[in-house]
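Chemist: Attaching a single structure in structure tokens format; questions to follow.
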Amino acid sequence: MPSDLKKLSGSICALATPFRADALDLDAFGRLVDWQLAGGTQALVVAGSTGEAHALEADEFERLLTFAVSRVAGRVPVLAGTGTANTRKTIAATRRAQACGADAALVVTPYYVRPTQDGLVRHFSEVADHGGLPVVLYNVPSRTGCDMLPATVGRLAHHAGI
């Protein structure tokens, strides 16, 4: 894991994904990226878990992420929302994000299936071991129905890829 990703802090903005009719509006998205960078954000999240990651088609996800990585041009880390309810699908999405140039994956707790705390450790460890990107844990129990407890975060914090 790049040492600068171990120090993620401050403003990490999850960007909205603008659309025009039924297509991505990359011009508007570019303006959002530029505005956040000018405001001093320390990292950007593309296709976060506010519904967009689940609503985007695979080609839309890849175009959006590739565009963001190009626009940011290394000024701040770009995190890709890759979490799903399925470990194998999360690994596949994380690998796609790596291929698009993302610096890390923002991985939400699996929604709907409500895994145990041991299941969460296995899920996040598998993604970190096989996804090809550093993993940032994302816990939003009101949206996923799954709460990652502090002790579980403590166990996962020892993993080199998290």
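If you're wondering about the labels, chains in the structure tokens are A, B, ... by order shown, residues count from 1 in each chain, ligands from 1 in order shown.
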Report the residues of range 58-118 of chain A whose backbone DSSP state falls under helix (DSSP H, G or I), written as a PyMOL selection string.

Modeler: chain A and resi 58-72+87-99+117-118

Chemist: Using only C-alpha atoms, determine which residues lie at most 10 Å from range 114-128 of chain A, disregarding the query and same-chain residues fewer than 6 positions distant; provide the list as number ranges by chain.

Modeler: A: 82-83, 85-95, 105, 107-108, 134-137, 141, 144-149, 151-153, 155-156, 159-162

Chemist: With N, CA and C atoms retained, write the just-selected residues as an mmCIF file, in the first residue's frame.

Modeler:
```
data_model
loop_
_atom_site.group_PDB
_atom_site.id
_atom_site.type_symbol
_atom_site.label_atom_id
_atom_site.label_comp_id
_atom_site.auth_asym_id
_atom_site.auth_seq_id
_atom_site.Cartn_x
_atom_site.Cartn_y
_atom_site.Cartn_z
ATOM 1 N N THR A 82 -16.396 0.211 -4.610
ATOM 2 C CA THR A 82 -16.449 -1.107 -5.244
ATOM 3 C C THR A 82 -17.211 -2.141 -4.419
ATOM 4 N N GLY A 83 -17.726 -1.767 -3.270
ATOM 5 C CA GLY A 83 -18.369 -2.735 -2.393
ATOM 6 C C GLY A 83 -19.721 -3.201 -2.894
ATOM 7 N N ALA A 85 -22.711 -6.743 -2.037
ATOM 8 C CA ALA A 85 -23.112 -7.734 -1.049
ATOM 9 C C ALA A 85 -22.400 -9.065 -1.251
ATOM 10 N N ASN A 86 -21.611 -9.171 -2.305
ATOM 11 C CA ASN A 86 -20.984 -10.427 -2.694
ATOM 12 C C ASN A 86 -19.472 -10.241 -2.753
ATOM 13 N N THR A 87 -18.738 -11.073 -2.065
ATOM 14 C CA THR A 87 -17.282 -10.926 -2.008
ATOM 15 C C THR A 87 -16.644 -11.050 -3.380
ATOM 16 N N ARG A 88 -17.020 -12.070 -4.163
ATOM 17 C CA ARG A 88 -16.418 -12.246 -5.493
ATOM 18 C C ARG A 88 -16.707 -11.054 -6.397
ATOM 19 N N LYS A 89 -17.934 -10.525 -6.340
ATOM 20 C CA LYS A 89 -18.265 -9.357 -7.163
ATOM 21 C C LYS A 89 -17.506 -8.124 -6.690
ATOM 22 N N THR A 90 -17.296 -7.994 -5.400
ATOM 23 C CA THR A 90 -16.522 -6.872 -4.878
ATOM 24 C C THR A 90 -15.070 -6.966 -5.335
ATOM 25 N N ILE A 91 -14.515 -8.158 -5.304
ATOM 26 C CA ILE A 91 -13.144 -8.344 -5.794
ATOM 27 C C ILE A 91 -13.075 -7.977 -7.272
ATOM 28 N N ALA A 92 -14.032 -8.430 -8.068
ATOM 29 C CA ALA A 92 -14.040 -8.126 -9.512
ATOM 30 C C ALA A 92 -14.163 -6.628 -9.746
ATOM 31 N N ALA A 93 -15.033 -5.955 -9.000
ATOM 32 C CA ALA A 93 -15.189 -4.501 -9.157
ATOM 33 C C ALA A 93 -13.916 -3.778 -8.739
ATOM 34 N N THR A 94 -13.256 -4.285 -7.711
ATOM 35 C CA THR A 94 -12.018 -3.672 -7.244
ATOM 36 C C THR A 94 -10.916 -3.848 -8.282
ATOM 37 N N ARG A 95 -10.874 -4.989 -8.913
ATOM 38 C CA ARG A 95 -9.892 -5.197 -9.994
ATOM 39 C C ARG A 95 -10.164 -4.269 -11.176
ATOM 40 N N ALA A 105 -9.808 1.334 -2.953
ATOM 41 C CA ALA A 105 -11.221 0.968 -3.057
ATOM 42 C C ALA A 105 -11.923 1.317 -1.752
ATOM 43 N N VAL A 107 -14.852 0.234 0.303
ATOM 44 C CA VAL A 107 -15.670 -0.977 0.324
ATOM 45 C C VAL A 107 -16.627 -0.921 1.500
ATOM 46 N N VAL A 108 -17.901 -0.854 1.171
ATOM 47 C CA VAL A 108 -18.960 -0.808 2.168
ATOM 48 C C VAL A 108 -19.205 -2.211 2.712
ATOM 49 N N PRO A 134 -5.534 -1.106 -2.220
ATOM 50 C CA PRO A 134 -5.763 -0.921 -0.789
ATOM 51 C C PRO A 134 -7.257 -0.715 -0.535
ATOM 52 N N VAL A 135 -7.738 -1.216 0.573
ATOM 53 C CA VAL A 135 -9.159 -1.155 0.920
ATOM 54 C C VAL A 135 -9.374 -0.154 2.048
ATOM 55 N N VAL A 136 -10.318 0.741 1.848
ATOM 56 C CA VAL A 136 -10.784 1.643 2.893
ATOM 57 C C VAL A 136 -12.123 1.100 3.363
ATOM 58 N N LEU A 137 -12.221 0.790 4.646
ATOM 59 C CA LEU A 137 -13.455 0.252 5.209
ATOM 60 C C LEU A 137 -14.510 1.343 5.272
ATOM 61 N N PRO A 141 -24.278 1.533 8.734
ATOM 62 C CA PRO A 141 -25.287 0.547 9.090
ATOM 63 C C PRO A 141 -26.720 0.957 8.762
ATOM 64 N N THR A 144 -26.947 -0.251 5.137
ATOM 65 C CA THR A 144 -26.635 -1.636 4.786
ATOM 66 C C THR A 144 -27.331 -2.660 5.677
ATOM 67 N N GLY A 145 -27.772 -2.239 6.852
ATOM 68 C CA GLY A 145 -28.332 -3.190 7.797
ATOM 69 C C GLY A 145 -27.259 -4.039 8.468
ATOM 70 N N CYS A 146 -26.019 -3.620 8.338
ATOM 71 C CA CYS A 146 -24.878 -4.373 8.866
ATOM 72 C C CYS A 146 -23.940 -3.381 9.551
ATOM 73 N N ASP A 147 -23.640 -3.619 10.810
ATOM 74 C CA ASP A 147 -22.776 -2.709 11.558
ATOM 75 C C ASP A 147 -21.450 -3.386 11.864
ATOM 76 N N MET A 148 -20.378 -2.818 11.339
ATOM 77 C CA MET A 148 -19.044 -3.313 11.629
ATOM 78 C C MET A 148 -18.604 -2.712 12.965
ATOM 79 N N LEU A 149 -18.416 -3.563 13.939
ATOM 80 C CA LEU A 149 -18.114 -3.109 15.293
ATOM 81 C C LEU A 149 -16.652 -2.682 15.430
ATOM 82 N N ALA A 151 -14.329 -3.527 17.438
ATOM 83 C CA ALA A 151 -13.387 -4.642 17.606
ATOM 84 C C ALA A 151 -13.050 -5.284 16.258
ATOM 85 N N THR A 152 -14.013 -5.322 15.361
ATOM 86 C CA THR A 152 -13.781 -5.881 14.026
ATOM 87 C C THR A 152 -12.857 -4.973 13.233
ATOM 88 N N VAL A 153 -13.071 -3.670 13.331
ATOM 89 C CA VAL A 153 -12.173 -2.721 12.677
ATOM 90 C C VAL A 153 -10.761 -2.902 13.228
ATOM 91 N N ARG A 155 -9.403 -5.628 14.377
ATOM 92 C CA ARG A 155 -8.819 -6.839 13.784
ATOM 93 C C ARG A 155 -8.360 -6.555 12.348
ATOM 94 N N LEU A 156 -9.189 -5.860 11.586
ATOM 95 C CA LEU A 156 -8.869 -5.595 10.180
ATOM 96 C C LEU A 156 -7.733 -4.590 10.035
ATOM 97 N N HIS A 159 -4.319 -5.760 8.908
ATOM 98 C CA HIS A 159 -4.095 -6.263 7.539
ATOM 99 C C HIS A 159 -3.352 -5.211 6.732
ATOM 100 N N ALA A 160 -2.295 -5.602 6.089
ATOM 101 C CA ALA A 160 -1.450 -4.647 5.339
ATOM 102 C C ALA A 160 -2.198 -3.972 4.197
ATOM 103 N N GLY A 161 -3.243 -4.603 3.666
ATOM 104 C CA GLY A 161 -3.963 -4.040 2.528
ATOM 105 C C GLY A 161 -5.183 -3.230 2.903
ATOM 106 N N ILE A 162 -5.369 -3.015 4.212
ATOM 107 C CA ILE A 162 -6.539 -2.260 4.674
ATOM 108 C C ILE A 162 -6.060 -1.028 5.418
#
```

Chemist: Quick check for you: according to DSSP on this backbone, which residues of chain A are classed as strand (DSSP E)? Reply as a PDB file with C-alpha atoms, in the first residue's frame.

Modeler:
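What landed in selection-v6.pdb:
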```pdb
ATOM      1  CA  ILE A  12     -12.519  13.059   1.391  1.00  0.00           C
ATOM      2  CA  CYS A  13     -15.393  14.044  -0.827  1.00  0.00           C
ATOM      3  CA  ALA A  14     -17.790  11.493  -2.294  1.00  0.00           C
ATOM      4  CA  PHE A  19     -26.334  12.735 -15.724  1.00  0.00           C
ATOM      5  CA  ARG A  20     -27.881  14.493 -18.674  1.00  0.00           C
ATOM      6  CA  ALA A  23     -26.027   9.555 -20.134  1.00  0.00           C
ATOM      7  CA  LEU A  24     -23.147  10.527 -17.882  1.00  0.00           C
ATOM      8  CA  ALA A  43      -9.078  12.664  -1.725  1.00  0.00           C
ATOM      9  CA  LEU A  44     -12.065  11.966  -3.929  1.00  0.00           C
ATOM     10  CA  VAL A  45     -14.518   9.068  -3.968  1.00  0.00           C
ATOM     11  CA  VAL A  46     -15.983   8.081  -7.328  1.00  0.00           C
ATOM     12  CA  VAL A  78      -8.950   8.652  -6.092  1.00  0.00           C
ATOM     13  CA  LEU A  79     -11.009   6.048  -4.282  1.00  0.00           C
ATOM     14  CA  ALA A  80     -13.516   3.915  -6.173  1.00  0.00           C
ATOM     15  CA  GLY A  81     -16.683   2.622  -4.555  1.00  0.00           C
ATOM     16  CA  ALA A 104      -7.838   2.615  -3.414  1.00  0.00           C
ATOM     17  CA  ALA A 105     -11.221   0.968  -3.057  1.00  0.00           C
ATOM     18  CA  LEU A 106     -13.914   2.226  -0.722  1.00  0.00           C
ATOM     19  CA  VAL A 107     -15.670  -0.977   0.324  1.00  0.00           C
ATOM     20  CA  VAL A 108     -18.960  -0.808   2.168  1.00  0.00           C
ATOM     21  CA  VAL A 135      -9.159  -1.155   0.920  1.00  0.00           C
ATOM     22  CA  VAL A 136     -10.784   1.643   2.893  1.00  0.00           C
ATOM     23  CA  LEU A 137     -13.455   0.252   5.209  1.00  0.00           C
ATOM     24  CA  TYR A 138     -16.839   1.929   4.996  1.00  0.00           C
TER      25      TYR A 138
END
```

Chemist: Which residues are near Ala16 in chain A? Cut-off 9 Å, only C-alpha atoms, ignore same chain within fewer than 5 positions. Put them as a list in words.

Modeler: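 Contacts, in chain order: Phe29, Leu32, Val46, Ala47, Gly48, Thr50 and Glu52 of chain A.
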
Chemist: Using N, CA and C atoms, can you write the selected residues to a file as a short mmCIF file (atom, residue, chain, number, x, y, z; two decimals), in the first residue's frame?

Modeler:
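As written to disk, selection_1.cif reads:
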```cif
data_model
loop_
_atom_site.label_atom_id
_atom_site.label_comp_id
_atom_site.auth_asym_id
_atom_site.auth_seq_id
_atom_site.Cartn_x
_atom_site.Cartn_y
_atom_site.Cartn_z
N PHE A 29 -19.30 16.61 -14.33
CA PHE A 29 -18.47 15.84 -13.39
C PHE A 29 -17.07 16.45 -13.29
N LEU A 32 -17.17 19.38 -11.05
CA LEU A 32 -17.23 18.97 -9.64
C LEU A 32 -15.84 18.58 -9.13
N VAL A 46 -15.18 8.20 -6.11
CA VAL A 46 -15.98 8.08 -7.33
C VAL A 46 -16.88 6.86 -7.18
N ALA A 47 -18.14 7.03 -7.54
CA ALA A 47 -19.12 5.94 -7.47
C ALA A 47 -19.24 5.39 -6.06
N GLY A 48 -19.48 6.30 -5.14
CA GLY A 48 -19.66 5.89 -3.75
C GLY A 48 -20.94 5.11 -3.55
N THR A 50 -23.80 5.87 -2.31
CA THR A 50 -25.05 6.60 -2.16
C THR A 50 -26.09 6.17 -3.19
N GLU A 52 -25.29 5.32 -6.37
CA GLU A 52 -24.73 5.42 -7.71
C GLU A 52 -23.92 4.20 -8.08
#
```
